[in-house]
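One structure is given here, and the rest of the page talks about it.
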Amino acid sequence: MNTTLKRLKDIRSENCITIIMNSHRTRPDALKDEIALKNHVKEVETRLLTDLSKRDAAVLIEKLHALVKQIDHAMNLDSLLLFVNKDVAEYTRLPIKVTDRVIIDNTFATRDLVRAMHNESHYYVLVLSQENVRLIEALNDQVVKEFKSPFPMVNTQFDNKNTMEPVVSSRQRNLIAEFFNQVDKEVNAIRAKNPLPVLICTVEENYPEYLKIADNKQSIFETFLNKNRINEKDHAIVTEAWKIVEAHNSKMNAKRKSELLKAVTENKFLSDTNEIWRAINDGKIQTLFIEQGLFQPAVIENDDIQYVSEDQRADKDVIDDIYDEMIELNMNFGGDVVFLPKGELKKFNGFGAVTRY
């Protein structure tokens, strides 16, 4: 997801087509996805043939149809995004619900990629015991995969017999620490390629012992799943792990909202769209706050944003979603974005920004 975002967000080109639609993981609902996509493609065709020459439109339409043929709807998640222009033709699946829409602009609409990265929790669950260890990659409450190499790892040196003898007990602790250290190095080797946070699932006595040897303690959740689940199904483990991650997310979301409220009292908060637009262009915005599901077509004239109605969205000069445009631009200046639940920014009409100074 992050790789796709990095590749697409900086593309500037005429007629960047983005199709964003909800999809379904299971039958029979998944059977509707192909029909829904065909309807979106038809909308693209109509708009292209209205705005472009028949020849130029035909090139893009042909690329779009070729991309659609590559999609296996049996593999769909909760949403499907297609990106097509004269140089690009690719699609991605996301585990989040979206607002169905077709965007044709000078950039691709990457806002839902950003939202998926910020609102969805991608993490590892390290299922840890003194004898065996498993590693599961998860997204929210869903299993992405369980690693089959080098995990599961087995402590071949550990002997849990006669642990009451003090000398043996000391030796056993050293062997456990050595085993945990080997596990930690393998986890970090995997994190080097995909640096996700780690939630540890283990009994209480193992958690502090693992933290003692962990090289990247900052990557480990501050709480853990307290139970020996080494023999449980991966989906059962992730279901329980998600409860902890979700609580962590709520805590972090509350912290971000407190930043917003503090900025209001310090006069470092903007809510006027044009003020925010100009401040972004000056590199003054640190964080954009926006309610989920908020979209706004607009035109920019003389560096001034003017909202237009939804039925004007197909007009050639209309930006399908000005908020998406602002999010991308602010990210280019090193800023970030926080998506809040609907109603959280009601007094600011759903959108605001915290300035750097």
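The way I read the labels, and the way they are meant: chains A, B, ... in the order of the structure tokens, residue 1 as the first residue of every chain, and ligand 1 as the first ligand shown, with later ones counted on from there.
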
request  = For stretch 33-40 of chain A, work out the shell of residues within 7 Å, counting only C-alpha atoms and skipping chain neighbours fewer than 6 positions away, then give it as a count of residues only.
outcome  = 4

task = For stretch 44-53 of chain A, list every protein, DNA or RNA residue within 10 Å, evaluated using only C-alpha atoms, and leave out those in the same chain fewer than 4 positions away; present the list as a list of chain:residue names.
result = A:Asn15, A:Ile17, A:Thr18, A:Ile19, A:Lys38, A:Asn39, A:His40, A:Ala57, A:Ala58, A:Leu60, A:Ile61, A:Glu62, A:Leu64, A:Val102, A:Ile103, A:Ile104, A:Ala314, A:Asp315, A:Lys316

request  = Just the residues within 9 Å of A:Leu82, please, counting only C-alpha atoms, with nothing from its chain fewer than 2 positions along; format it as an MDAnalysis selection string.
outcome  = chainID A and resid 17:21 64 67:68 80 84 89:93

Can I get the selection written as an mmCIF file, in the first residue's frame, with C-alpha atoms?
data_model
loop_
_atom_site.group_PDB
_atom_site.id
_atom_site.type_symbol
_atom_site.label_atom_id
_atom_site.label_comp_id
_atom_site.auth_asym_id
_atom_site.auth_seq_id
_atom_site.Cartn_x
_atom_site.Cartn_y
_atom_site.Cartn_z
ATOM 1 C CA ILE A 17 -8.457 8.147 -14.160
ATOM 2 C CA THR A 18 -9.244 6.789 -10.703
ATOM 3 C CA ILE A 19 -12.118 4.390 -10.107
ATOM 4 C CA ILE A 20 -12.937 3.850 -6.442
ATOM 5 C CA MET A 21 -15.596 1.319 -5.474
ATOM 6 C CA LEU A 64 -8.837 0.612 -18.852
ATOM 7 C CA LEU A 67 -6.807 -3.628 -16.791
ATOM 8 C CA VAL A 68 -10.347 -4.662 -15.898
ATOM 9 C CA LEU A 80 -11.165 -1.841 -5.255
ATOM 10 C CA VAL A 84 -5.124 4.560 -15.435
ATOM 11 C CA ALA A 89 -2.557 0.958 -15.588
ATOM 12 C CA GLU A 90 -2.821 -0.739 -12.199
ATOM 13 C CA TYR A 91 -5.270 -1.638 -9.466
ATOM 14 C CA THR A 92 -5.150 -2.296 -5.750
ATOM 15 C CA ARG A 93 -7.473 -3.772 -3.155
#

Using only C-alpha atoms, what table do you get, as JSON lines, when you list each residue of stretch 284-322 of chain A with an atom no more than 9 Å from stretch 255-274 of chain A, its nearest pair of atoms, and their distance in Å rounded to one decimal, rows by chain then rising number?
{"residue": "A:Thr287", "atom": "CA", "partner": "A:Leu260", "partner_atom": "CA", "distance": 8.9}
{"residue": "A:Phe289", "atom": "CA", "partner": "A:Leu260", "partner_atom": "CA", "distance": 8.1}
{"residue": "A:Asp303", "atom": "CA", "partner": "A:Asn274", "partner_atom": "CA", "distance": 8.5}
{"residue": "A:Asp304", "atom": "CA", "partner": "A:Asn274", "partner_atom": "CA", "distance": 6.4}
{"residue": "A:Ile305", "atom": "CA", "partner": "A:Asn274", "partner_atom": "CA", "distance": 6.0}
{"residue": "A:Gln306", "atom": "CA", "partner": "A:Asn274", "partner_atom": "CA", "distance": 8.7}

Counting only C-alpha atoms, the option among A:Ile319, A:Leu128, A:Ile244, A:Ile300 closest to A:Val203 = A:Leu128

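Here the question is which of A:Lys193, A:Arg111, A:Arg229, A:His248 gets nearest to A:Ile322 using only C-alpha atoms, and that residue is A:Arg111.
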
query = When DSSP works through the backbone of this structure, what residues of stretch 49-203 of chain A end up as helix (DSSP H, G or I), shown as a ChimeraX atom specification?
reply = /A:49-51,54-69,73-75,111-119,166-193
